[in-house]
Structure formats: C-alpha cells, structure tokens
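Colleague: Below is final.txt; it holds compact mmCIF, C-alpha atoms.
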# COMPACT_ATOMS: atom_id res chain seq x y z
CA MET A 1 -26.80 -52.39 7.07
CA TYR A 2 -28.84 -50.11 9.33
CA ASP A 3 -27.88 -52.28 12.32
CA PHE A 4 -24.24 -52.00 11.35
CA VAL A 5 -24.39 -48.23 11.10
CA LEU A 6 -26.40 -47.96 14.30
CA ASN A 7 -23.68 -49.45 16.46
CA SER A 8 -20.48 -48.78 14.54
CA SER A 9 -18.06 -46.53 16.40
CA PHE A 10 -15.98 -45.64 13.36
CA PHE A 11 -19.04 -44.60 11.42
CA TYR A 12 -19.96 -41.87 13.90
CA VAL A 13 -16.41 -40.61 14.24
CA ALA A 14 -16.05 -40.56 10.45
CA LEU A 15 -19.39 -38.79 10.16
CA THR A 16 -18.25 -36.17 12.66
CA LEU A 17 -14.97 -35.58 10.82
CA ALA A 18 -16.79 -35.35 7.48
CA ALA A 19 -19.34 -32.89 8.85
CA PHE A 20 -16.57 -30.77 10.35
CA GLY A 21 -14.54 -30.95 7.14
CA LEU A 22 -17.54 -29.74 5.19
CA GLY A 23 -17.93 -26.91 7.70
CA VAL A 24 -14.29 -25.87 7.26
CA LEU A 25 -14.75 -25.92 3.48
CA ILE A 26 -17.85 -23.74 3.66
CA GLN A 27 -16.12 -21.25 5.92
CA LYS A 28 -13.13 -21.07 3.57
CA LYS A 29 -15.43 -20.29 0.67
CA CYS A 30 -17.66 -17.78 2.48
CA LYS A 31 -15.15 -16.29 4.95
CA LEU A 32 -17.98 -15.29 7.30
CA ALA A 33 -17.71 -15.77 11.05
CA ILE A 34 -21.29 -17.07 11.20
CA PHE A 35 -20.21 -20.11 9.17
CA ASN A 36 -18.25 -21.49 12.09
CA PRO A 37 -17.22 -25.10 11.35
CA LEU A 38 -18.30 -26.36 14.78
CA LEU A 39 -21.68 -24.66 14.42
CA LEU A 40 -22.17 -26.01 10.90
CA ALA A 41 -21.04 -29.54 11.77
CA THR A 42 -23.46 -29.58 14.71
CA ILE A 43 -26.36 -28.56 12.50
CA PHE A 44 -25.41 -31.13 9.82
CA ILE A 45 -25.24 -33.97 12.32
CA MET A 46 -28.47 -32.97 14.04
CA ALA A 47 -30.21 -32.93 10.67
CA PHE A 48 -28.67 -36.28 9.78
CA LEU A 49 -29.82 -37.90 13.02
CA LEU A 50 -33.32 -36.48 12.71
CA LEU A 51 -33.63 -37.57 9.07
CA THR A 52 -32.30 -41.11 9.56
CA GLY A 53 -33.97 -41.63 12.93
CA ILE A 54 -30.68 -42.72 14.51
CA PRO A 55 -31.00 -42.01 18.24
CA ASN A 56 -28.72 -39.35 19.68
CA GLU A 57 -27.67 -41.87 22.37
CA ASN A 58 -26.11 -44.09 19.70
CA TYR A 59 -24.29 -41.14 18.17
CA GLN A 60 -22.97 -40.07 21.58
CA ALA A 61 -21.82 -43.60 22.39
CA GLY A 62 -20.08 -43.81 19.01
CA CYS A 63 -18.22 -40.55 19.63
CA GLN A 64 -16.89 -41.54 23.03
CA ALA A 65 -13.37 -41.88 21.64
CA LEU A 66 -13.48 -38.20 20.63
CA THR A 67 -15.01 -37.06 23.90
CA TRP A 68 -12.30 -38.98 25.75
CA LEU A 69 -9.66 -36.71 24.19
CA LEU A 70 -11.22 -33.53 25.64
CA THR A 71 -9.26 -33.41 28.88
CA PRO A 72 -5.83 -34.10 27.33
CA ALA A 73 -6.51 -31.61 24.52
CA THR A 74 -7.68 -28.93 26.97
CA ILE A 75 -4.55 -29.33 29.06
CA CYS A 76 -2.45 -28.63 25.97
CA LEU A 77 -3.90 -25.10 25.82
CA SER A 78 -1.18 -24.42 28.39
CA ILE A 79 1.49 -24.80 25.71
CA SER A 80 0.55 -21.73 23.66
CA PHE A 81 -0.37 -19.98 26.90
CA TYR A 82 3.18 -20.51 28.09
CA GLN A 83 4.61 -19.27 24.78
CA GLN A 84 2.52 -16.08 24.87
CA PHE A 85 3.41 -15.67 28.54
CA GLN A 86 7.10 -15.57 27.58
CA LYS A 87 6.51 -13.22 24.69
CA LEU A 88 4.26 -10.72 26.49
CA LYS A 89 6.15 -10.53 29.78
CA LYS A 90 6.38 -6.76 30.05
CA HIS A 91 2.69 -6.22 29.31
CA LEU A 92 1.46 -8.99 31.59
CA PRO A 93 0.33 -6.94 34.62
CA VAL A 94 -1.89 -4.69 32.49
CA ILE A 95 -3.29 -7.62 30.51
CA CYS A 96 -4.05 -9.58 33.66
CA ILE A 97 -5.90 -6.67 35.30
CA GLY A 98 -7.95 -6.16 32.14
CA VAL A 99 -8.84 -9.85 31.94
CA VAL A 100 -9.80 -10.02 35.62
CA ALA A 101 -12.00 -6.91 35.23
CA GLY A 102 -13.68 -8.41 32.16
CA THR A 103 -14.18 -11.75 33.88
CA ILE A 104 -15.79 -10.15 36.95
CA ALA A 105 -18.03 -8.14 34.60
CA SER A 106 -18.92 -11.36 32.78
CA LEU A 107 -19.81 -13.45 35.82
CA GLY A 108 -21.60 -10.52 37.47
CA SER A 109 -23.68 -9.51 34.48
CA VAL A 110 -24.62 -13.09 33.57
CA TYR A 111 -25.59 -13.86 37.15
CA LEU A 112 -27.66 -10.70 37.61
CA LEU A 113 -29.46 -11.10 34.28
CA CYS A 114 -30.23 -14.73 35.04
CA MET A 115 -31.63 -13.73 38.42
CA ALA A 116 -33.70 -10.98 36.78
CA PHE A 117 -35.15 -13.48 34.30
CA GLY A 118 -35.66 -16.06 37.03
CA VAL A 119 -34.23 -18.88 34.90
CA ASP A 120 -33.52 -22.34 36.24
CA GLU A 121 -30.29 -22.86 38.19
CA SER A 122 -29.03 -25.31 35.59
CA ILE A 123 -29.42 -22.60 32.92
CA THR A 124 -27.51 -20.09 35.06
CA ALA A 125 -24.70 -22.62 35.53
CA SER A 126 -24.71 -23.25 31.78
CA LEU A 127 -24.40 -19.53 30.99
CA LEU A 128 -21.88 -18.36 33.61
CA PRO A 129 -18.79 -19.59 31.69
CA LYS A 130 -20.17 -18.34 28.35
CA SER A 131 -17.25 -16.07 27.48
CA VAL A 132 -14.41 -18.54 28.06
CA THR A 133 -13.10 -21.08 25.61
CA THR A 134 -15.30 -24.16 25.08
CA ALA A 135 -12.87 -26.61 26.66
CA ILE A 136 -12.79 -24.78 29.97
CA GLY A 137 -16.37 -23.50 29.86
CA VAL A 138 -17.96 -26.90 29.33
CA ALA A 139 -15.89 -28.48 32.09
CA LEU A 140 -17.01 -25.67 34.43
CA SER A 141 -20.63 -25.94 33.38
CA GLN A 142 -20.64 -29.67 34.16
CA GLU A 143 -18.90 -29.10 37.48
CA PHE A 144 -21.66 -26.68 38.55
CA GLY A 145 -24.67 -28.63 37.33
CA GLY A 146 -25.10 -26.88 33.97
CA ILE A 147 -26.10 -28.50 30.68
CA ALA A 148 -22.99 -29.11 28.57
CA ALA A 149 -24.84 -28.90 25.25
CA ILE A 150 -26.32 -25.48 26.02
CA THR A 151 -22.95 -24.19 27.23
CA THR A 152 -21.24 -25.41 24.05
CA ALA A 153 -23.79 -23.73 21.80
CA VAL A 154 -23.81 -20.48 23.80
CA ILE A 155 -20.01 -20.31 23.89
CA VAL A 156 -19.66 -20.80 20.15
CA ILE A 157 -22.37 -18.25 19.38
CA THR A 158 -20.79 -15.80 21.85
CA GLY A 159 -17.48 -16.20 20.04
CA VAL A 160 -19.06 -15.62 16.65
CA LEU A 161 -21.00 -12.63 17.98
CA GLY A 162 -17.89 -11.17 19.60
CA SER A 163 -15.85 -11.46 16.45
CA ILE A 164 -18.58 -9.76 14.41
CA ILE A 165 -19.42 -6.86 16.75
CA GLY A 166 -15.88 -6.57 18.18
CA PRO A 167 -14.47 -4.37 15.42
CA VAL A 168 -17.56 -2.13 15.63
CA LEU A 169 -17.22 -1.88 19.42
CA CYS A 170 -13.54 -0.99 19.02
CA LYS A 171 -14.58 2.02 16.95
CA ILE A 172 -17.45 3.10 19.21
CA LEU A 173 -15.39 2.76 22.40
CA ARG A 174 -12.27 4.13 20.72
CA LEU A 175 -10.20 1.11 21.61
CA LYS A 176 -7.12 1.81 19.53
CA ASP A 177 -4.39 0.14 21.51
CA PRO A 178 -3.67 -3.38 20.21
CA ILE A 179 -3.19 -4.62 23.77
CA ALA A 180 -6.60 -3.33 24.85
CA GLN A 181 -8.15 -4.81 21.71
CA GLY A 182 -6.53 -8.18 22.37
CA VAL A 183 -7.71 -8.28 25.97
CA ALA A 184 -11.26 -7.39 24.88
CA PHE A 185 -11.42 -10.04 22.14
CA GLY A 186 -9.79 -12.77 24.20
CA THR A 187 -11.85 -12.16 27.34
CA ALA A 188 -15.21 -11.68 25.60
CA ALA A 189 -14.97 -14.00 22.61
CA HIS A 190 -12.24 -16.60 23.33
CA VAL A 191 -10.69 -18.48 20.37
CA ILE A 192 -13.13 -17.25 17.74
CA GLY A 193 -12.53 -13.65 18.79
CA THR A 194 -8.79 -14.28 18.79
CA THR A 195 -8.93 -15.17 15.09
CA LYS A 196 -10.43 -11.73 14.46
CA ALA A 197 -7.94 -9.98 16.76
CA ALA A 198 -5.06 -11.66 14.92
CA GLN A 199 -6.39 -10.20 11.67
CA MET A 200 -6.33 -6.71 13.16
CA SER A 201 -2.70 -6.96 14.30
CA GLU A 202 -0.17 -9.55 15.38
CA LEU A 203 0.15 -8.06 18.86
CA ALA A 204 -3.62 -8.01 19.36
CA GLY A 205 -3.73 -11.69 18.34
CA ALA A 206 -1.01 -12.71 20.78
CA VAL A 207 -2.59 -10.74 23.63
CA SER A 208 -6.00 -12.21 22.82
CA SER A 209 -4.57 -15.72 22.78
CA PHE A 210 -3.06 -15.22 26.21
CA SER A 211 -6.19 -13.49 27.54
CA LEU A 212 -8.55 -16.27 26.51
CA THR A 213 -6.70 -18.90 28.52
CA PHE A 214 -6.12 -16.59 31.45
CA ALA A 215 -9.82 -15.64 31.43
CA GLY A 216 -10.66 -19.35 31.56
CA LEU A 217 -8.42 -19.87 34.58
CA VAL A 218 -9.73 -16.78 36.38
CA THR A 219 -13.32 -17.81 35.64
CA SER A 220 -12.81 -21.27 37.09
CA ILE A 221 -11.17 -19.94 40.23
CA LEU A 222 -13.79 -17.19 40.75
CA MET A 223 -16.67 -19.58 40.14
CA SER A 224 -15.43 -22.16 42.59
CA VAL A 225 -14.64 -19.54 45.24
CA LEU A 226 -18.02 -17.81 44.83
CA ALA A 227 -19.79 -21.17 44.89
CA GLN A 228 -18.71 -21.53 48.51
CA PHE A 229 -20.74 -18.44 49.44
CA ILE A 230 -23.79 -18.56 47.20
CA MET B 231 8.01 -43.06 19.01
CA LYS B 232 8.22 -39.28 19.33
CA TYR B 233 4.47 -38.78 19.17
CA LEU B 234 3.79 -41.66 21.50
CA ARG B 235 6.17 -40.24 24.10
CA GLN B 236 4.65 -36.78 23.82
CA PHE B 237 1.11 -38.12 23.98
CA GLY B 238 2.12 -40.16 27.02
CA LEU B 239 3.33 -36.97 28.67
CA VAL B 240 0.00 -35.27 27.95
CA LEU B 241 -1.83 -38.25 29.45
CA LEU B 242 0.39 -38.05 32.51
CA PHE B 243 -0.75 -34.47 33.09
CA SER B 244 -4.36 -35.53 32.52
CA LEU B 245 -3.91 -38.19 35.17
CA LEU B 246 -2.32 -35.72 37.58
CA GLY B 247 -5.22 -33.33 36.91
CA GLU B 248 -7.73 -36.05 37.77
CA LEU B 249 -5.77 -36.89 40.88
CA CYS B 250 -5.88 -33.24 42.05
CA ARG B 251 -9.61 -33.11 41.36
CA PHE B 252 -9.99 -36.25 43.47
CA LEU B 253 -7.84 -35.05 46.36
CA ILE B 254 -8.82 -31.36 46.54
CA PRO B 255 -12.42 -30.71 47.66
CA PHE B 256 -12.94 -27.73 45.36
CA PRO B 257 -15.15 -27.60 42.24
CA ILE B 258 -12.32 -26.99 39.78
CA PRO B 259 -12.34 -29.31 36.73
CA ALA B 260 -9.51 -31.83 36.31
CA SER B 261 -8.43 -30.19 33.05
CA ILE B 262 -7.79 -26.87 34.84
CA TYR B 263 -5.50 -28.55 37.35
CA GLY B 264 -3.77 -30.28 34.44
CA MET B 265 -3.29 -26.94 32.68
CA ILE B 266 -1.83 -25.30 35.77
CA LEU B 267 0.53 -28.25 36.36
CA LEU B 268 1.70 -28.30 32.75
CA PHE B 269 2.25 -24.55 32.81
CA ALA B 270 4.26 -24.87 36.02
CA ALA B 271 6.28 -27.74 34.58
CA LEU B 272 7.11 -25.64 31.50
CA GLY B 273 7.92 -22.58 33.58
CA LEU B 274 10.16 -24.48 35.96
CA LYS B 275 11.85 -26.18 32.99
CA ILE B 276 10.90 -29.63 34.29
CA ILE B 277 9.88 -30.29 30.72
CA ASN B 278 10.79 -28.18 27.71
CA LEU B 279 8.54 -27.15 24.85
CA PRO B 280 9.88 -29.52 22.16
CA ALA B 281 9.11 -32.46 24.46
CA ILE B 282 5.37 -31.85 24.14
CA ASN B 283 4.80 -29.32 21.38
CA ASP B 284 4.02 -31.62 18.42
CA ALA B 285 1.45 -33.89 20.03
CA GLY B 286 0.12 -31.01 22.14
CA GLY B 287 -0.27 -28.69 19.18
CA TRP B 288 -2.11 -31.37 17.27
CA LEU B 289 -4.49 -32.02 20.16
CA VAL B 290 -5.28 -28.31 20.47
CA SER B 291 -5.90 -28.08 16.73
CA ILE B 292 -8.57 -30.80 16.88
CA LEU B 293 -10.34 -29.32 19.94
CA PRO B 294 -13.24 -27.86 17.92
CA VAL B 295 -13.99 -31.27 16.40
CA LEU B 296 -14.21 -32.79 19.87
CA PHE B 297 -17.08 -30.43 20.68
CA VAL B 298 -19.37 -31.52 17.88
CA ALA B 299 -20.80 -34.41 19.90
CA PRO B 300 -21.41 -32.35 23.08
CA ALA B 301 -23.13 -29.70 20.94
CA VAL B 302 -25.28 -32.29 19.13
CA ASN B 303 -26.50 -33.26 22.61
CA LEU B 304 -28.73 -30.18 22.31
CA LEU B 305 -31.16 -32.68 20.78
CA SER B 306 -31.52 -34.17 24.25
CA SER B 307 -31.72 -30.86 26.14
CA TRP B 308 -34.10 -29.21 23.72
CA ASP B 309 -36.84 -28.83 26.35
CA ALA B 310 -34.61 -27.02 28.82
CA LEU B 311 -33.37 -24.77 26.02
CA LYS B 312 -36.80 -24.00 24.60
CA GLU B 313 -38.11 -22.77 27.94
CA ALA B 314 -35.26 -20.33 28.48
CA LEU B 315 -34.56 -19.35 24.88
CA VAL B 316 -35.33 -15.63 25.21
CA PRO B 317 -33.34 -15.11 28.45
CA ILE B 318 -30.44 -17.05 26.97
CA LEU B 319 -30.40 -14.89 23.85
CA VAL B 320 -30.58 -11.65 25.84
CA VAL B 321 -27.85 -12.76 28.26
CA MET B 322 -25.67 -13.86 25.38
CA ILE B 323 -25.84 -10.61 23.43
CA ALA B 324 -25.86 -8.15 26.35
CA THR B 325 -23.03 -9.72 28.31
CA THR B 326 -20.80 -10.12 25.26
CA VAL B 327 -20.96 -6.36 24.73
CA ILE B 328 -20.47 -5.64 28.44
CA VAL B 329 -17.45 -7.94 28.80
CA PHE B 330 -15.83 -6.64 25.63
CA ALA B 331 -16.28 -3.03 26.76
CA VAL B 332 -15.11 -3.55 30.35
CA ALA B 333 -12.06 -5.66 29.44
CA GLY B 334 -11.00 -3.32 26.63
CA LEU B 335 -11.66 -0.02 28.38
CA VAL B 336 -10.04 -1.01 31.68
CA THR B 337 -6.93 -2.15 29.84
CA GLN B 338 -6.72 0.95 27.70
CA TRP B 339 -7.42 3.17 30.67
CA ILE B 340 -4.51 1.66 32.60
CA LEU B 341 -2.23 1.78 29.57
CA LYS B 342 -2.82 5.43 28.92
CA GLY B 343 -3.66 6.62 32.41
CA ARG B 344 -5.81 9.20 30.73
CA LYS B 345 -9.35 10.47 31.31
CA GLY B 346 -11.93 10.56 28.58
CA ASP B 347 -11.92 6.81 27.94
CA LYS B 348 -14.19 6.06 30.79
CA LYS B 349 -17.52 5.89 28.99
CA ASP B 350 -19.79 3.00 29.68
CA VAL B 351 -17.84 1.46 32.56
How does this structure look as structure tokens?
Modeller:
Amino acid sequence: MYDFVLNSSFFYVALTLAAFGLGVLIQKKCKLAIFNPLLLATIFIMAFLLLTGIPNENYQAGCQALTWLLTPATICLSISFYQQFQKLKKHLPVICIGVVAGTIASLGSVYLLCMAFGVDESITASLLPKSVTTAIGVALSQEFGGIAAITTAVIVITGVLGSIIGPVLCKILRLKDPIAQGVAFGTAAHVIGTTKAAQMSELAGAVSSFSLTFAGLVTSILMSVLAQFI
Amino acid sequence: MKYLRQFGLVLLFSLLGELCRFLIPFPIPASIYGMILLFAALGLKIINLPAINDAGGWLVSILPVLFVAPAVNLLSSWDALKEALVPILVVMIATTVIVFAVAGLVTQWILKGRKGDKKDV
C-alpha cells in the first residue's frame, strides 16, 4: 500500500486538491485573509509529507501534471486583462503611470534592502518579483536564478499582508479615489489585494485587476532590461 | 468539443510563447510572451473572447492550486530560507508598504493634480 501511494500520480494530485479544498472551506468559515487557501494547503501538505515520511521528490513528481498547466494558465491572465483594458480605457494613462511608479519603487526598494542585508544573489532574485502575481513572479524568479519555492511563499504572504494593511494605509495616506486605491492594491498585493479592493468598490476592483497584470508585465520587462546592466 | 478547441488555442499560445523565448535572447519567461501574444490577438480581433473565454477562465481559476506544489518545495529550500529569514521578512513588510504608498499616491496625485498628497513619496 505504501509503495502504491509513494508512486501514484493521482494520489498526489488528489491530495493537493483535497488540501486546497479544505483551505477554501476554512477561509469561507473564518473570512480572514491570513487563512489563504494556497498558504493553508501548503502547510497541510508539508505536515503530511513530514508525518508520513514521503519524500518531497515523490510529491513533486506526482504533481507534474499540475505544474505542467502553469504556463497555459498564466497566459490566460491576458483574457481578463483584455476585458479590463476595454472597460478602463479612459483611465488607462493614469493607471499605467501609477503602476510603473509602484513597480520601480518595488524593484528599487527590494534591491537596495537586499544589498544592505548582503543576502545571497539567489535570495535577491527570489524577492525582486515579490509584489507581482505568483504566475509571473515565479517564472521571473526562475529566469533570474531565484528559488521558486521562496518566491511563491513570499508572494502569497505579500498579498495577504497587502490586503490586511491596505485599508489602513488608504486611511493614513488619504487615498480616497477608487482608481488610486485599485492601482495601490493591484501593484502591491496582486490577486489577493484585488479581492480586497473589489470589496471596497467595483471600480477599485477592476483597476486593481488590470494593475496586477500590468505590474507583472512591467516587472518582467524592467528586470530583463536591468539585468543587462547589473 | 468546445473546451477541447479552446484548450488547444491556449496551448497554441503557450507554444508560441516558448518559441519566442527560444528565439529571442532576452530573459523574459515564455508565459509573458504568450500573454502579450494573446493580448495582441484579442486586441487585433484575430480571435474573439468567446473563442477562449470558457477554457481560459477555468485555467485562471485553478491557478492557485497549481502553486501548492512549488510552495511545498520550501521543504527542499529550507536551508536557504533559514539563513535569510530576517532579511526576507523585513524586505517583505517594508517594500509592501512602500509600493502601496508610491503606487497609490502617484496615481491620486496625477488624478487630482493637487498638492498636499505628497507625503511619504
């Protein structure tokens, strides 16, 4: 039985879906951003692997079918991006400038702090795309020699953090305009922040949804251009 | 057949993305090229939304699930993480606040063209 489980592909995929489903259920009950389904599922599976002694390598091999879908699924982010693009046409220039400013601030502040701490290059590469959506951030991290697992965790926690402190920051900074709020949430806290922005107002949600994808694109272009010089 | 056709279209863009990554000597991930190509194809009306929306929407909705395995890989990069835990935490918290403030304030500042909102930037 143990041998069967050890090498079964469907077992690991089913386990992943179950863990994620449980995470969704818990979030529905608690309604707290910290109980992010991806975060919970990750913790459940880690605990499961440590308890049963199943090697992580076997789990990873079993989940290859899921990992394979990452590129096609990421590409489909363009669909809602296109829809928001159509909807927000007249606000686009302002939104784009805000996103570019936020993205430069993100890359600059992450880079400088990493230099100040003197962390390993692979850690810096893992942290640089921390504010963009997981799909784009992890692809970037891998492209620049970062550690995908660290990037995934940091991105999700950044999103959760952003959606918790975002409303407070909006008050402190007096961000009252829904467009400014949307740009802030989307650029700083990607999809998870967008959920929060959508609760504040429909316009903020739409702007945030556009901003998160645009921030991902700007981040990838800036990172690859800067990489030629650094 | 509808879903198969739509999924095939998504795979086509994935393939084109990989091709661009292969041909262009620039460190941009294949999925980014794919996104840009799909966006262009939608914008230029080479394909219309209903031709890809169902399968595409489903794929986007399962994205978080696809990241469970990469995140579980933390088990294998625990050493690298442990060494840099404090810097990572500081970078994470500080830059989230900075990015939120800069993105929001710059946008609002342009929208209103008014002084007084320029704190912190």
Colleague: For the atom pair atom CA of Asn303 of chain B and atom CA of Ser220 of chain A, what is the interatomic distance in Å to one decimal place?
Modeller: 23.3 Å
Colleague: Applying 7 Å and only C-alpha atoms, which residues near Gly334 of chain B remain after dropping the ones on its own chain fewer than 5 positions away? List them as a list in words.
Modeller: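 These residues fall inside the cut-off: Gly98, Leu175, Ala180, Gln181, Val183 and Ala184 of chain A.
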Colleague: Pull out every residue of chain B sitting within 6 Å of chain A, counting all atoms listed in the file, and send them as JSON, numbers by chain.
Modeller: {"B": [240, 244, 257, 259, 261, 264, 265, 269, 286, 289, 290, 296, 298, 300, 301, 302, 303, 304, 326, 329, 330, 332, 333, 334, 336, 337, 338]}
Colleague: When you draw a straight line from atom CA of Ile292 of chain B to atom CA of Gly193 of chain A, how long is it in Å?
Modeller: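 We find that atom CA of Ile292 of chain B and atom CA of Gly193 of chain A lie 17.7 Å from each other.
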Colleague: May I ask for the distance between atom CA of Met200 of chain A and atom CA of Lys171 of chain A, given in Å to one decimal place?
Modeller: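 Atom CA of Lys171 of chain A lies at a distance of 12.6 Å from atom CA of Met200 of chain A.
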Colleague: Taking into account all atoms listed in the file, which residue in the set A:Ile26, A:Leu226, A:Val132, A:Ala198 is nearest to Leu212 of chain A?
Modeller: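 Distance minimum relative to Leu212 of chain A lands on A:Val132.
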Colleague: Which centre and edge lengths in Å to one decimal define the box along x, y and z that fits every listed atom of segment 187-196 of chain A plus 3 Å per side, as JSON?
Modeller:
{"center_x": -12.0, "center_y": -15.1, "center_z": 20.9, "size_x": 12.4, "size_y": 12.8, "size_z": 18.9}
Colleague: List the neighbours of Tyr2 of chain A out to 10 Å using all atoms listed in the file; skip same-chain residues closer than 6 positions along the sequence, and give me the result as a ChimeraX atom specification.
Modeller: /A:8,52,54
